[in-house]
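A short worksheet on the structure shown next.
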Protein chains: 2
Amino acid sequence: MAQPRWLDEEEHHTWRSYLAATRLLAAQLDRELQHDSGIPQSYYEILVRLSETPGRRLRMSDLADASDSSRSRLSHAVARLVANGWVERESCPTDRRGAFAVLTDAGFEALSNAAPSHVASVRAHLFDRLTPEQVVQLGQINDAILAGLREASAEIDQECTAREQERTAPPQVA
Amino acid sequence: MAQPRWLDEEEHHTWRSYLAATRLLAAQLDRELQHDSGIPQSYYEILVRLSETPGRRLRMSDLADASDSSRSRLSHAVARLVANGWVERESCPTDRRGAFAVLTDAGFEALSNAAPSHVASVRAHLFDRLTPEQVVQLGQINDAILAGLREASAEIDQECTAREQERTAPPQVA
């Protein structure tokens, strides 16, 4: 590997500050959500995602993509939500693309009860700290990061598909 | 609770984008670090912290603060780093404020080997996506969030101390 381009002073400061702020903010919001409503942030996000879809249902694979969660972590969380009576699993025998997760009325109520104090937490620790310009800047910065990550992951997908095609190509018969 | 101030459209967009970008970036960097060097991001951060101190040593409690980690999560991580031979624990019989974690030469070498490709990952997925102005903006935004969180946690500490003093105050003898 060539000599790395180490971070300069400005970048180093930004990177340290990013690491500390993202970690502490996530921990603080999770703590307040659990204290106020007894729901971990990761479960809350799943309920939000389901509540926003028509029929309050999503295929498990789409839910994993939407919540940027790994399949195994999502399965575990959904199992807990099912045990709570907040989510039901539904499988469709004519659709082989997998099971659905469906938000129950009890789940919708739990979400509705938790939302006001969670929004207040997000305001207190994020939006109330920023100017309106910084809110716009933060949105644009995260959009740029996301676009880059999606490009990178699309490239990996293409590479894997290409390799897969090579492997499964019919043998050359000259 | 009074009617919550729900997020407006701009804030909602920024919040969704923040959640997705922070989660995906952390996952991507962790994946690349593990792939290239076999070290999870959380362990890497501990090695960095230790490498930056005089004598490459920190009291466990200071290390927990510096890495924004809970004590129990840190203990677990340090135990794994000790098992790897990268960190040693040292206790000082005349200092009751707890044990030290010390970076070993093998730990410093592991960090030095991992750093170039990790910095390249951070550049590729974060800094190369941003303009120089956005790097400054992102630093200022995270500084503002951090200052708020530290204020909030200082207030809680004060409250706890006040309550503790009330509880332990000598009984009034009129």
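A note on labels: chains of the structure tokens are A, B, ... as shown, every chain counts residues from 1, and ligands are counted from 1 in their shown order.
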
If you run DSSP on this backbone, which residues of chain B come out as alpha helix (DSSP H), and could you give them as a ChimeraX atom specification? /B:9-37,41-51,60-66,71-83,105-125,132-168

Which chain B residues are at most 6 Å from chain A (counting only C-alpha atoms), as a list in words?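 Listed by rising number, the hits are Pro4, Thr14, Ser17, Tyr18, Ala21, Pro116, Gly139, Asn142 and Leu146 of chain B.
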
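With only C-alpha atoms as the atoms that count, the residue of B:Thr104, B:Gln34, B:Ser91, B:Gln165 with the shortest distance to Arg59 (chain B) is B:Ser91.
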
Which of region 1-164 of chain A fall in strand (DSSP E), as number ranges by chain: A: 57-59, 87-90, 100-103

Selection to disk with N, CA and C atoms, as a CSV table (one decimal), in the first residue's frame:
```
chain,number,residue,atom,x,y,z
A,57,ARG,N,-47.3,-3.0,6.9
A,57,ARG,CA,-46.7,-4.3,6.7
A,57,ARG,C,-45.5,-4.1,5.7
A,58,LEU,N,-44.5,-4.9,6.0
A,58,LEU,CA,-43.3,-4.9,5.1
A,58,LEU,C,-42.8,-6.3,5.0
A,59,ARG,N,-42.3,-6.7,3.9
A,59,ARG,CA,-41.5,-7.9,3.7
A,59,ARG,C,-40.3,-7.8,4.6
A,87,VAL,N,-46.0,-6.8,16.9
A,87,VAL,CA,-45.8,-7.2,15.5
A,87,VAL,C,-46.3,-8.6,15.3
A,88,GLU,N,-46.8,-8.9,14.1
A,88,GLU,CA,-47.2,-10.3,13.8
A,88,GLU,C,-46.4,-10.7,12.5
A,89,ARG,N,-46.0,-11.9,12.5
A,89,ARG,CA,-45.4,-12.4,11.2
A,89,ARG,C,-46.5,-13.0,10.4
A,90,GLU,N,-46.4,-12.8,9.1
A,90,GLU,CA,-47.4,-13.4,8.1
A,90,GLU,C,-46.6,-14.0,7.0
A,100,PHE,N,-43.8,-11.6,5.9
A,100,PHE,CA,-44.1,-10.2,6.1
A,100,PHE,C,-44.1,-9.9,7.7
A,101,ALA,N,-43.7,-8.7,8.1
A,101,ALA,CA,-43.9,-8.3,9.4
A,101,ALA,C,-45.0,-7.3,9.4
A,102,VAL,N,-46.0,-7.4,10.3
A,102,VAL,CA,-47.2,-6.5,10.3
A,102,VAL,C,-47.3,-5.9,11.7
A,103,LEU,N,-47.5,-4.6,11.7
A,103,LEU,CA,-47.7,-3.8,12.9
A,103,LEU,C,-49.1,-4.1,13.5
```

Skipping near chain neighbours, those fewer than 5 positions away, what residues fall within 10 Å of Ser75 (chain B) using only C-alpha atoms, listed as a ChimeraX atom specification? /B:60-61,64,69-70,80-81

Could you work out how far CA of Gly85 (chain A) lies from CA of Glu109 (chain A), giving the answer in Å with one decimal?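 Atom-to-atom, CA of Glu109 (chain A) and CA of Gly85 (chain A) are spaced 11.1 Å apart.
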